[in-house]
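S.K.: Next up is a structure, given as structure tokens.
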4 protein chains.
Amino acid sequence: MTRVGIIGATGYTGIELVRLLLRHPKVRLTALTAEKNVGQPIWKLFPSILKEADLICQPLEVEPLSKACDFVFTALPHKAVMEVAPGFLEKGIKLVDLSADFRLTDPKVYEQWYEPHTAPHLLQEAVYGIPELHREEIKKARLVANPGCYPTSIILALAPALRNQLIDQRTIIADSKSGVSGAGRSAVLSSLFAEVSENFKAYKVAEHRHTPEIEQELSRLAGEKVIITFTPHLVPMKRGILSTIYASLRSPLSEKEILDLYQNFYAKERFVRVHPADLLPSTADVLGSNYCDLGLRVDKRNNRLILLSAIDNLVKGASGQAVQNMNLMLGFEESLSLEIVPLYP
Amino acid sequence: MTRVGIIGATGYTGIELVRLLLRHPKVRLTALTAEKNVGQPIWKLFPSILKEADLICQPLEVEPLSKACDFVFTALPHKAVMEVAPGFLEKGIKLVDLSADFRLTDPKVYEQWYEPHTAPHLLQEAVYGIPELHREEIKKARLVANPGCYPTSIILALAPALRNQLIDQRTIIADSKSGVSGAGRSAVLSSLFAEVSENFKAYKVAEHRHTPEIEQELSRLAGEKVIITFTPHLVPMKRGILSTIYASLRSPLSEKEILDLYQNFYAKERFVRVHPADLLPSTADVLGSNYCDLGLRVDKRNNRLILLSAIDNLVKGASGQAVQNMNLMLGFEESLSLEIVPLYP
Amino acid sequence: MTRVGIIGATGYTGIELVRLLLRHPKVRLTALTAEKNVGQPIWKLFPSILKEADLICQPLEVEPLSKACDFVFTALPHKAVMEVAPGFLEKGIKLVDLSADFRLTDPKVYEQWYEPHTAPHLLQEAVYGIPELHREEIKKARLVANPGCYPTSIILALAPALRNQLIDQRTIIADSKSGVSGAGRSAVLSSLFAEVSENFKAYKVAEHRHTPEIEQELSRLAGEKVIITFTPHLVPMKRGILSTIYASLRSPLSEKEILDLYQNFYAKERFVRVHPADLLPSTADVLGSNYCDLGLRVDKRNNRLILLSAIDNLVKGASGQAVQNMNLMLGFEESLSLEIVPLYP
Amino acid sequence: MTRVGIIGATGYTGIELVRLLLRHPKVRLTALTAEKNVGQPIWKLFPSILKEADLICQPLEVEPLSKACDFVFTALPHKAVMEVAPGFLEKGIKLVDLSADFRLTDPKVYEQWYEPHTAPHLLQEAVYGIPELHREEIKKARLVANPGCYPTSIILALAPALRNQLIDQRTIIADSKSGVSGAGRSAVLSSLFAEVSENFKAYKVAEHRHTPEIEQELSRLAGEKVIITFTPHLVPMKRGILSTIYASLRSPLSEKEILDLYQNFYAKERFVRVHPADLLPSTADVLGSNYCDLGLRVDKRNNRLILLSAIDNLVKGASGQAVQNMNLMLGFEESLSLEIVPLYP
């Protein structure tokens with residue numbers, strides 16, 4: 001059994017990692033950190049795992065953690081990770097980071113959207129962890145940058161179109177809608193039930209920090225610089241992202257032609273489901289699972305492709321994909337502990 | 001007191017008309033029809049108006065209704081209205097129709113998206129009821145076609161940009177999100193709580209029947225044919241529409257320049273609130289009110305305008321706008337019974 | 001116009017007072033305090049009232065507020081009010097307090113459930129503000145203690161039964177369920193959307209601070225000491241309280257007999273609706289209104305009375321009742337600005 | 001692999017059975033019936049299981065089903081089951097019935113609350129399927145009546161108290177609150193999102209059909225006839241039941257004494273979690289899992305015991321418990337396919 005630790009276990013991605021790892025046949029959770037709850041059993045923070053896990057929250061100290069773990073997930077806010085990741089790597093501990101700290105390859109871009117990077121030497125080494133696109137590199141990596149939730153939904157939707165040069169990349173608009181767990185477990189006014197329920201709104205329009213990450217990966221896929229418009233919205237629900245993505249087709253194609261191409265592209269992927277012509281994805285259909293569901297329509301009247309992409313933001317959009325990456329890095333079967341049937345309704 | 005009737009009082013727009021008209025200082029509700037509930041007091045169907053209204057549901061018979069009412073609202077499904085509207089008009093009864101039956105001026109377009117029209121002679125006469133754009137015609141009209149909910153949110157958002165030739169109209173994409181009351185009060189599987197809650201999805205992508213209505217009005221504003229892409233989505237909430245609208249600017253303009261233009265355009269309007277630069281609309285901020293809240297951003301990196309438009313789909317998107325139209329048609333002050341402060345939270 | 005101030009305008013009861021007072025025909029809002037937002041226009045905190053109110057948030061200073069207002073509402077946390085209320089009263093300013101500070105007549109009971117009281121001399125003077133039970137005293141009062149939300153729903157439901165000696169008061173159990181706005185607008189973990197949505201739970205079982213307040217009023221009604229069991233629960237909704245109340249009947253009575261008695265008891269009340277035999281109250285039927293809806297059933301198999309009571313916790317449970325009290329204190333018609341038809345759906 | 005069929009697969013308990021059985025290591029789903037969808041693949045009805053299950057919906061015909069299955073679950077409305085169950089049993093097929101048809105041992109009681117029973121000879125044979133109370137009988141049964149959702153939550157909560165004679169059984173009141181999936185997947189007005197969201201109400205007060213089932217089992221536990229008051233409520237959420245249960249203690253006991261007794265009673269149970277003194281159950285903590293979480297408080301001021309019981313109504317309240325029963329009937333380990341960590345948030 002591989003001994004695994006979670007650095008920052010008290011957020012929603014943390015408890016989701018716990019859920020997934022408790023049923024993993026080849027790993028054992030051996031350490032959890034939670035700065036504000038040191039000494040408390042984890043089930044006090046999350047009674048959902050009462051009788052499931054008895055681990056005590058530890059402080060974030062690289063030395064003892066390195067002895068207790070063979071592998072770690074970092075589920076801290078950005079900036080915090082770049083300070084501790086080098087320590088784990090030096091001890092030979094492989095790591096999947098769920099923050100934004102190692103997603104951008106260019107430290108200047110990181111500085112422009114976040115702040116100066118303190119471990120820029122690791123940016124080139126880190127592998128961007130979408131297994132469907134970078135599987136072989138992930139297998140060899142010791143540091144994987146787990147993608148953001150919005151980027152996962154958008155990149156998987158656009159990959160077949162961009163790789164196949166179907167669309168004019170100057171016309172890409174991603175209109176994304178996310179459940180509130182995406183904002184984390186911080187006690188902030190804008191995440192209160194009474195502020196969110198029966199409410200729908202956009203936020204950080206054309207300025208969300210996931211933009212450079214999306215563009216970096218889309219540019220790789222397209223083979224040239226891609227600039228998009230990205231608008232995130234907040235949906236009154238707990239989990240789920242639906243991205244509606246628009247782009248002009250380079251030349252007229254039928255829905256069926258594009259759908260065939262998409263189904264071929266993802267034919268061997270365990271966690272991507274391309275919907276048949278008469279179905280469209282919805283977030284409820286992926287709840288609790290590692291699936292990314294894709295669908296598409298062509299607006300024939302103006303030759304525009306409309307892509308729809310649904311994920312559970314805490315699973316394929318975060319902790320599930322992180323476990324998928326860990327499985328690859330450790331040479332396990334990719335789907336271990338992720339063979340989850342969505343919870344419906 | 002003008003005597004007013006509601007034809008089709010048991011849907012959500014029907015009960016919303018009741019709510020608004022019960023407090024109207026110059027009208028009295030004198031008749032309600034509800035085919036399936038003839039003989040029942042309306043509060044049996046909607047206990048929210050217990051002790052507020054004692055009216056008994058009647059059958060839909062033009063003759064007796066024409067004697068009981070000076071003015072009627074038709075809140076029936078499309079097709080049903082075109083069969084009864086001529087009867088009321090012949091009796092000299094003015095009418096606001098909340099269905100789609102008189103919104104399209106061209107009977108061929110109606111037939112293409114709906115079915116053959118049986119009262120095409122009224123299509124030219126009917127006035128499209130957005131008071132902010134067609135106030136003078138509405139004042140003189142005897143038949144007003146109350147706009148659809150999505151069209152109201154989209155047309156009001158685009159009007160200043162199109163009138164002022166700011167945008168390339170070939171690039172317009174309207175990504176709209178609606179609460180579930182927009183689907184009406186029919187007992188259908190897809191509107192069940194357990195199907196909708198914690199779920200977000202698109203539907204009728206690039207084929208929703210509000211498309212021709214939106215394009216008709218946008219074309220009028222632009223002075224040339226406009227074809228858009230329109231994607232409606234279902235939000236797990238009861239009321240509210242937020243439309244996020246994308247279009248390329250013809251020439252670079254700053255956010256401030258466009259915002260000034262919008263604020264001037266709607267400066268005298270009681271029910272349109274253009275948000276200042278640091279605020280964006282959200283559906284909760286218009287709940288229960290007749291407001292249309294507008295906001296905007298420019299994505300400078302690709303010169304794209306992003307418009308945000310929030311309404312309560314049952315008020316400004318339906319019954320509130322219908323009362324606003326009635327006020328104009330009857331020579332009342334436009335805002336009578338509509339001076340409602342949004343309910344927050 | 002009476003000049004009115006709101007001390008503590010940034011909570012949910014504060015914005016609800018603003019909503020109601022903006023449409024009051026005989027008062028004008030002249031001052032709002034908000035310690036953390038001094039200098040900001042109120043619409044910055046609540047964009048729902050953009051273009052409705054331009055007032056600037058002030059600091060809480062009795063001297064200038066006394067000059068600007070003829071009447072004040074205090075919507076601060078308990079303890080804060082007892083420190084400022086005496087100052088306003090000394091200046092001749094009448095006051096409705098929405099906190100718990102003046103609800104208990106016995107300072108020892110206050111100390112037992114809260115902390116030592118610093119203005120105990122006012123406890124005897126303060127009138128408990130349920131107009132349906134204490135109307136005449138309220139009219140003469142200069143200080144009214146606005147009841148808690150749970151107490152309002154429970155006391156109004158039990159009043160007819162206790163006054164008429166129908167029930168054994170040792171058997172009273174109140175099982176209450178509240179929407180989340182009842183927890184206020186503080187950014188706390190337990191009020192986050194992702195913690196509350198799709199969740200239902202009890203809290204402060206048999207130890208909630210509203211208990212002594214409920215028992216004080218029930219004891220007055222019964223003419224002897226009443227001890228109840230009170231269990232509050234949190235419902236995943238924004239507004240609304242439903243209380244389900246159980247008590248054993250002293251002697252067998254039919255549902256109809258009790259219902260007649262209830263309807264007579266509240267026959268002249270504008271804001272209490274006793275439901276007919278075939279209807280039961282629900283929170284959606286009172287949304288946004290000042291109604292308290294009551295219903296009842298008799299469990300004949302064990303001679304137990306079951307009362308159901310629904311209010312909007314922010315209206316009849318807080319700000320609406322506060323305005324009702326103000327109307328009485330100022331000699332206005334009791335229902336001014338409160339004639340609101342519930343918003344359905 | 002045991003071949004298993006689901007009779008009535010298109011309701012919420014049906015799809016939940018599918019979810020659980022698809023991951024069961026010792027069974028294979030070989031037949032699904034759905035009268036209205038014969039010939040359709042099941043994923044068309046539930047896209048959540050796209051690529052997970054390819055089964056085609058069959059008509060309900062005992063003969064072919066008996067050949068395709070070694071074991072069946074009946075998830076039909078009551079009455080429909082008593083007509084087909086005998087057929088399966090005659091063919092030697094064991095059966096867990098999720099309807100109410102075999103839960104009551106006395107056909108007169110069934111007739112009183114439902115209608116005349118057409119297979120009364122099976123009522124004595126059928127075992128009431130709460131494994132924690134009737135494990136040994138279930139192991140030997142060929143027909144298990146799977147308990148109702150409310151009864152499961154109430155009976156498990158009261159069992160230790162009644163077995164140990166802690167409470168006066170004349171004083172039992174069960175105030176239960178359920179998510180909307182409990183009403184099934186029928187397209188009815190009262191289950192619409194716009195009717196349920198932001199709404200809380202009681203229904204079938206003191207007349208719900210689960211009452212006789214609860215009383216039958218409580219009477220067994222108490223060793224004498226128990227009559228309760230039972231009030232179900234509808235919560236605006238999809239899944240989950242919380243029951244708050246009140247009873248007077250026969251003699252004063254401390255919370256700790258009762259808690260110890262409860263923890264001992266359920267010490268060996270895999271799916272019952274008695275909460276420690278400082279925690280109370282909530283429905284979110286059992287979401288998607290087979291747990292029944294129990295907590296308790298004593299209201300010392302009037303010597304009343306308050307029990308709190310949380311389940312997922314579709315798992316421990318229906319399909320999960322059904323699989324637990326199947327595991328016992330087939331000699332499998334009781335927890336197979338039910339070792340699910342709750343989904344939080």
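Within each chain, counting starts at residue 1; across the structure tokens, chains are named A, B, ... in the order shown, with ligands numbered 1 upward in that order.
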As a list of chain:residue names, could you give me every residue of chain C near chain A (at most 6 Å apart, counting only C-alpha atoms)?
M.R.: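 Every residue meeting the condition is included here: C:Ser181, C:Ala187, C:Val188, C:Leu189, C:Ser191, C:Leu192, C:Phe193, C:Ala194, C:Lys238.
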S.K.: For those residues, write N, CA and C atoms to a file as a PDB file, in the first residue's frame.
M.R.:
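Printed below is part.pdb as written:
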```
ATOM      1  N   SER C 181     -31.960  32.760   6.201  1.00  0.00           N
ATOM      2  CA  SER C 181     -31.791  34.189   6.479  1.00  0.00           C
ATOM      3  C   SER C 181     -31.974  34.466   7.963  1.00  0.00           C
ATOM      4  N   ALA C 187     -20.817  36.179   7.726  1.00  0.00           N
ATOM      5  CA  ALA C 187     -20.090  35.202   6.916  1.00  0.00           C
ATOM      6  C   ALA C 187     -19.561  34.096   7.819  1.00  0.00           C
ATOM      7  N   VAL C 188     -20.397  33.112   8.085  1.00  0.00           N
ATOM      8  CA  VAL C 188     -19.981  31.978   8.920  1.00  0.00           C
ATOM      9  C   VAL C 188     -20.103  30.683   8.116  1.00  0.00           C
ATOM     10  N   LEU C 189     -19.231  29.734   8.441  1.00  0.00           N
ATOM     11  CA  LEU C 189     -19.172  28.468   7.711  1.00  0.00           C
ATOM     12  C   LEU C 189     -20.535  27.792   7.608  1.00  0.00           C
ATOM     13  N   SER C 191     -23.410  28.815   7.406  1.00  0.00           N
ATOM     14  CA  SER C 191     -24.422  29.436   6.541  1.00  0.00           C
ATOM     15  C   SER C 191     -24.032  29.412   5.069  1.00  0.00           C
ATOM     16  N   LEU C 192     -22.912  28.783   4.742  1.00  0.00           N
ATOM     17  CA  LEU C 192     -22.486  28.728   3.337  1.00  0.00           C
ATOM     18  C   LEU C 192     -23.469  27.909   2.503  1.00  0.00           C
ATOM     19  N   PHE C 193     -23.631  28.293   1.268  1.00  0.00           N
ATOM     20  CA  PHE C 193     -24.531  27.569   0.378  1.00  0.00           C
ATOM     21  C   PHE C 193     -24.195  26.088   0.327  1.00  0.00           C
ATOM     22  N   ALA C 194     -22.898  25.778   0.177  1.00  0.00           N
ATOM     23  CA  ALA C 194     -22.519  24.373   0.003  1.00  0.00           C
ATOM     24  C   ALA C 194     -22.709  23.558   1.283  1.00  0.00           C
ATOM     25  N   LYS C 238     -34.234  30.372   1.699  1.00  0.00           N
ATOM     26  CA  LYS C 238     -33.808  31.668   2.192  1.00  0.00           C
ATOM     27  C   LYS C 238     -34.734  32.204   3.276  1.00  0.00           C
TER      28      LYS C 238
END
```
S.K.: Write down as a PyMOL selection string the residues of range 62-236 of chain C whose backbone DSSP state falls under strand (DSSP E).
M.R.: chain C and resi 71-74+94-97+127-128+143-145+173-178+201-202+229-234
S.K.: Do a neighbour search on Leu234 in chain C at 7 Å with only C-alpha atoms, toss out local chain neighbours closer than 5 positions, and write the hits as a ChimeraX atom specification.
M.R.: /C:177-180,200-202
S.K.: Which residues, written as a list in words, have at least one atom at most 12 Å from Lys44 in chain B, with only C-alpha atoms counted and residues fewer than 5 positions away on the same chain left out?
M.R.: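 Here the answer would be Thr10, Asn37, Val38, Gly39, Ile49, Leu50, Lys51, Glu52, Ala53, Asp54, Leu55, Ile56 and Cys57 of chain B; His275, Pro276, Ala277, Asp278, Leu279, Leu280 and Asp285 of chain C.
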S.K.: Got time to write the residues from that selection, N, CA and C atoms, as a compact mmCIF listing (two decimals), in the first residue's frame?
M.R.:
```txt
# COMPACT_ATOMS: atom_id res chain seq x y z
N THR B 10 -54.39 30.32 -14.30
CA THR B 10 -53.83 29.32 -13.39
C THR B 10 -52.36 29.00 -13.63
N ASN B 37 -60.74 24.39 -13.90
CA ASN B 37 -61.11 24.68 -12.52
C ASN B 37 -62.36 25.54 -12.42
N VAL B 38 -63.20 25.44 -13.44
CA VAL B 38 -64.41 26.27 -13.46
C VAL B 38 -65.21 26.04 -12.17
N GLY B 39 -65.58 27.12 -11.54
CA GLY B 39 -66.41 27.03 -10.35
C GLY B 39 -65.61 27.11 -9.05
N ILE B 49 -53.11 33.71 -2.13
CA ILE B 49 -54.04 34.85 -2.18
C ILE B 49 -55.32 34.59 -1.38
N LEU B 50 -55.26 33.66 -0.46
CA LEU B 50 -56.37 33.46 0.49
C LEU B 50 -56.67 34.81 1.14
N LYS B 51 -57.92 35.15 1.23
CA LYS B 51 -58.38 36.43 1.81
C LYS B 51 -58.01 37.65 0.96
N GLU B 52 -57.32 37.44 -0.15
CA GLU B 52 -56.96 38.55 -1.02
C GLU B 52 -57.91 38.64 -2.20
N ALA B 53 -58.35 37.50 -2.70
CA ALA B 53 -59.20 37.50 -3.89
C ALA B 53 -60.21 36.36 -3.77
N ASP B 54 -61.47 36.69 -4.06
CA ASP B 54 -62.54 35.71 -3.93
C ASP B 54 -63.10 35.26 -5.28
N LEU B 55 -62.49 35.72 -6.35
CA LEU B 55 -63.04 35.45 -7.68
C LEU B 55 -63.16 33.96 -7.96
N ILE B 56 -64.22 33.62 -8.70
CA ILE B 56 -64.47 32.23 -9.08
C ILE B 56 -63.99 32.02 -10.51
N CYS B 57 -63.32 30.91 -10.77
CA CYS B 57 -62.83 30.62 -12.12
C CYS B 57 -64.01 30.37 -13.06
N HIS C 275 -56.49 28.91 8.02
CA HIS C 275 -56.82 28.17 6.81
C HIS C 275 -58.08 27.34 6.98
N PRO C 276 -58.86 27.20 5.92
CA PRO C 276 -60.02 26.32 5.99
C PRO C 276 -59.56 24.86 6.16
N ALA C 277 -60.53 24.00 6.45
CA ALA C 277 -60.22 22.62 6.86
C ALA C 277 -59.38 21.84 5.84
N ASP C 278 -59.55 22.14 4.56
CA ASP C 278 -58.88 21.32 3.56
C ASP C 278 -57.56 21.90 3.06
N LEU C 279 -57.08 22.91 3.71
CA LEU C 279 -55.81 23.52 3.32
C LEU C 279 -54.86 23.55 4.51
N LEU C 280 -53.56 23.46 4.24
CA LEU C 280 -52.59 23.64 5.31
C LEU C 280 -51.59 24.71 4.90
N ASP C 285 -46.53 30.33 0.64
CA ASP C 285 -47.77 31.10 0.52
C ASP C 285 -47.74 32.43 1.28
```
S.K.: For Asn313 in chain B, find every residue with an atom within 6 Å (counting only C-alpha atoms), except residues of its own chain fewer than 6 positions away, and show them as a list in words.
M.R.: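 Surrounding residues, per the criterion: Cys149, Gly240 and Ile241 of chain B.
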S.K.: Limited to N, CA and C atoms, could you put the picked residues into a file as a compact mmCIF listing (two decimals), in the first residue's frame?
M.R.:
```txt
# COMPACT_ATOMS: atom_id res chain seq x y z
N CYS B 149 -39.92 36.27 -22.45
CA CYS B 149 -39.02 36.62 -21.34
C CYS B 149 -37.58 36.75 -21.84
N GLY B 240 -36.18 34.40 -12.56
CA GLY B 240 -35.01 35.14 -12.96
C GLY B 240 -34.43 34.67 -14.27
N ILE B 241 -34.00 35.65 -15.06
CA ILE B 241 -33.22 35.37 -16.28
C ILE B 241 -31.99 36.24 -16.23
```
S.K.: Let's see if you can do this: from backbone DSSP, list all helix (DSSP H, G or I) residues in range 200-308 of chain C, as a list in words.
M.R.: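 So, restricting range 200-308 of chain C to helix (DSSP H, G or I), we get His210, Thr211, Pro212, Glu213, Ile214, Glu215, Gln216, Glu217, Leu218, Ser219, Arg220, Leu221, Ala222, Glu255, Lys256, Glu257, Ile258, Leu259, Asp260, Leu261, Tyr262, Gln263, Asn264, Phe265, Thr283, Ala284, Asp285 and Val286 of chain C.
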S.K.: For the residues selected in the previous step, produce a file with C-alpha atoms as a PDB file, in the first residue's frame.
M.R.:
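Result went into selection_0.pdb, see below:
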```pdb
ATOM      1  CA  HIS C 210     -35.983  31.968  21.987  1.00  0.00           C
ATOM      2  CA  THR C 211     -37.274  29.454  24.541  1.00  0.00           C
ATOM      3  CA  PRO C 212     -37.693  31.829  27.515  1.00  0.00           C
ATOM      4  CA  GLU C 213     -39.380  34.413  25.306  1.00  0.00           C
ATOM      5  CA  ILE C 214     -41.875  31.873  24.027  1.00  0.00           C
ATOM      6  CA  GLU C 215     -42.557  30.568  27.512  1.00  0.00           C
ATOM      7  CA  GLN C 216     -43.011  34.060  28.953  1.00  0.00           C
ATOM      8  CA  GLU C 217     -45.761  34.843  26.444  1.00  0.00           C
ATOM      9  CA  LEU C 218     -47.397  31.415  26.593  1.00  0.00           C
ATOM     10  CA  SER C 219     -47.483  31.668  30.383  1.00  0.00           C
ATOM     11  CA  ARG C 220     -49.275  35.016  30.123  1.00  0.00           C
ATOM     12  CA  LEU C 221     -51.812  33.458  27.768  1.00  0.00           C
ATOM     13  CA  ALA C 222     -52.326  30.372  29.922  1.00  0.00           C
ATOM     14  CA  GLU C 255     -61.241  19.705  14.192  1.00  0.00           C
ATOM     15  CA  LYS C 256     -64.212  21.781  13.182  1.00  0.00           C
ATOM     16  CA  GLU C 257     -64.888  23.042  16.693  1.00  0.00           C
ATOM     17  CA  ILE C 258     -61.307  24.118  17.162  1.00  0.00           C
ATOM     18  CA  LEU C 259     -61.110  25.649  13.717  1.00  0.00           C
ATOM     19  CA  ASP C 260     -64.245  27.727  14.404  1.00  0.00           C
ATOM     20  CA  LEU C 261     -62.714  28.930  17.626  1.00  0.00           C
ATOM     21  CA  TYR C 262     -59.505  29.893  15.824  1.00  0.00           C
ATOM     22  CA  GLN C 263     -61.372  31.690  13.058  1.00  0.00           C
ATOM     23  CA  ASN C 264     -63.335  33.689  15.592  1.00  0.00           C
ATOM     24  CA  PHE C 265     -60.244  34.514  17.606  1.00  0.00           C
ATOM     25  CA  THR C 283     -44.019  29.003   3.740  1.00  0.00           C
ATOM     26  CA  ALA C 284     -44.251  29.786   0.020  1.00  0.00           C
ATOM     27  CA  ASP C 285     -47.767  31.099   0.525  1.00  0.00           C
ATOM     28  CA  VAL C 286     -46.589  33.950   2.750  1.00  0.00           C
TER      29      VAL C 286
END
```
S.K.: Separation of CA of Leu287 in chain A and CA of Asp312 in chain A, in Å?
M.R.: 5.6 Å
S.K.: Set the distance at 12 Å and use only C-alpha atoms: which residues neighbour Gly320 in chain C once local chain neighbours fewer than 2 positions away are removed? I'd like the list as number ranges by chain.
M.R.: C: 13-21, 24, 73, 96, 98, 129-131, 146-147, 149, 152, 271, 287-292, 311-318, 322-327, 334-340
S.K.: Using only C-alpha atoms, which of the listed residues (B:Arg297, B:Arg142, B:Arg209, B:Arg23) sits closest to Leu104 in chain B?
M.R.: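 Looking at the shortest contact to Leu104 in chain B, the residue is B:Arg209.
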S.K.: Counting only C-alpha atoms, figure out which residue out of A:Trp43, A:Leu249, A:Asp70, A:Pro25 gets nearest to Ile6 in chain A.
M.R.: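 Selected residue with least distance to Ile6 in chain A: A:Asp70.
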S.K.: How many Å separate CA of Ser243 in chain C from CA of Glu136 in chain C?
M.R.: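 Taking CA of Ser243 in chain C and CA of Glu136 in chain C, their separation equals 27.0 Å.
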S.K.: Measuring atom to atom with only C-alpha atoms, identify which of D:Ile138, D:Lys79, D:Cys69, D:Ile228 is nearest to Leu330 in chain D.
M.R.: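 Of all the options, D:Ile138 lies closest to Leu330 in chain D.
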S.K.: Mind pulling up the distance from CA of Glu207 in chain A to CA of Gly295 in chain B?
M.R.: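 So the answer is 15.4 Å.
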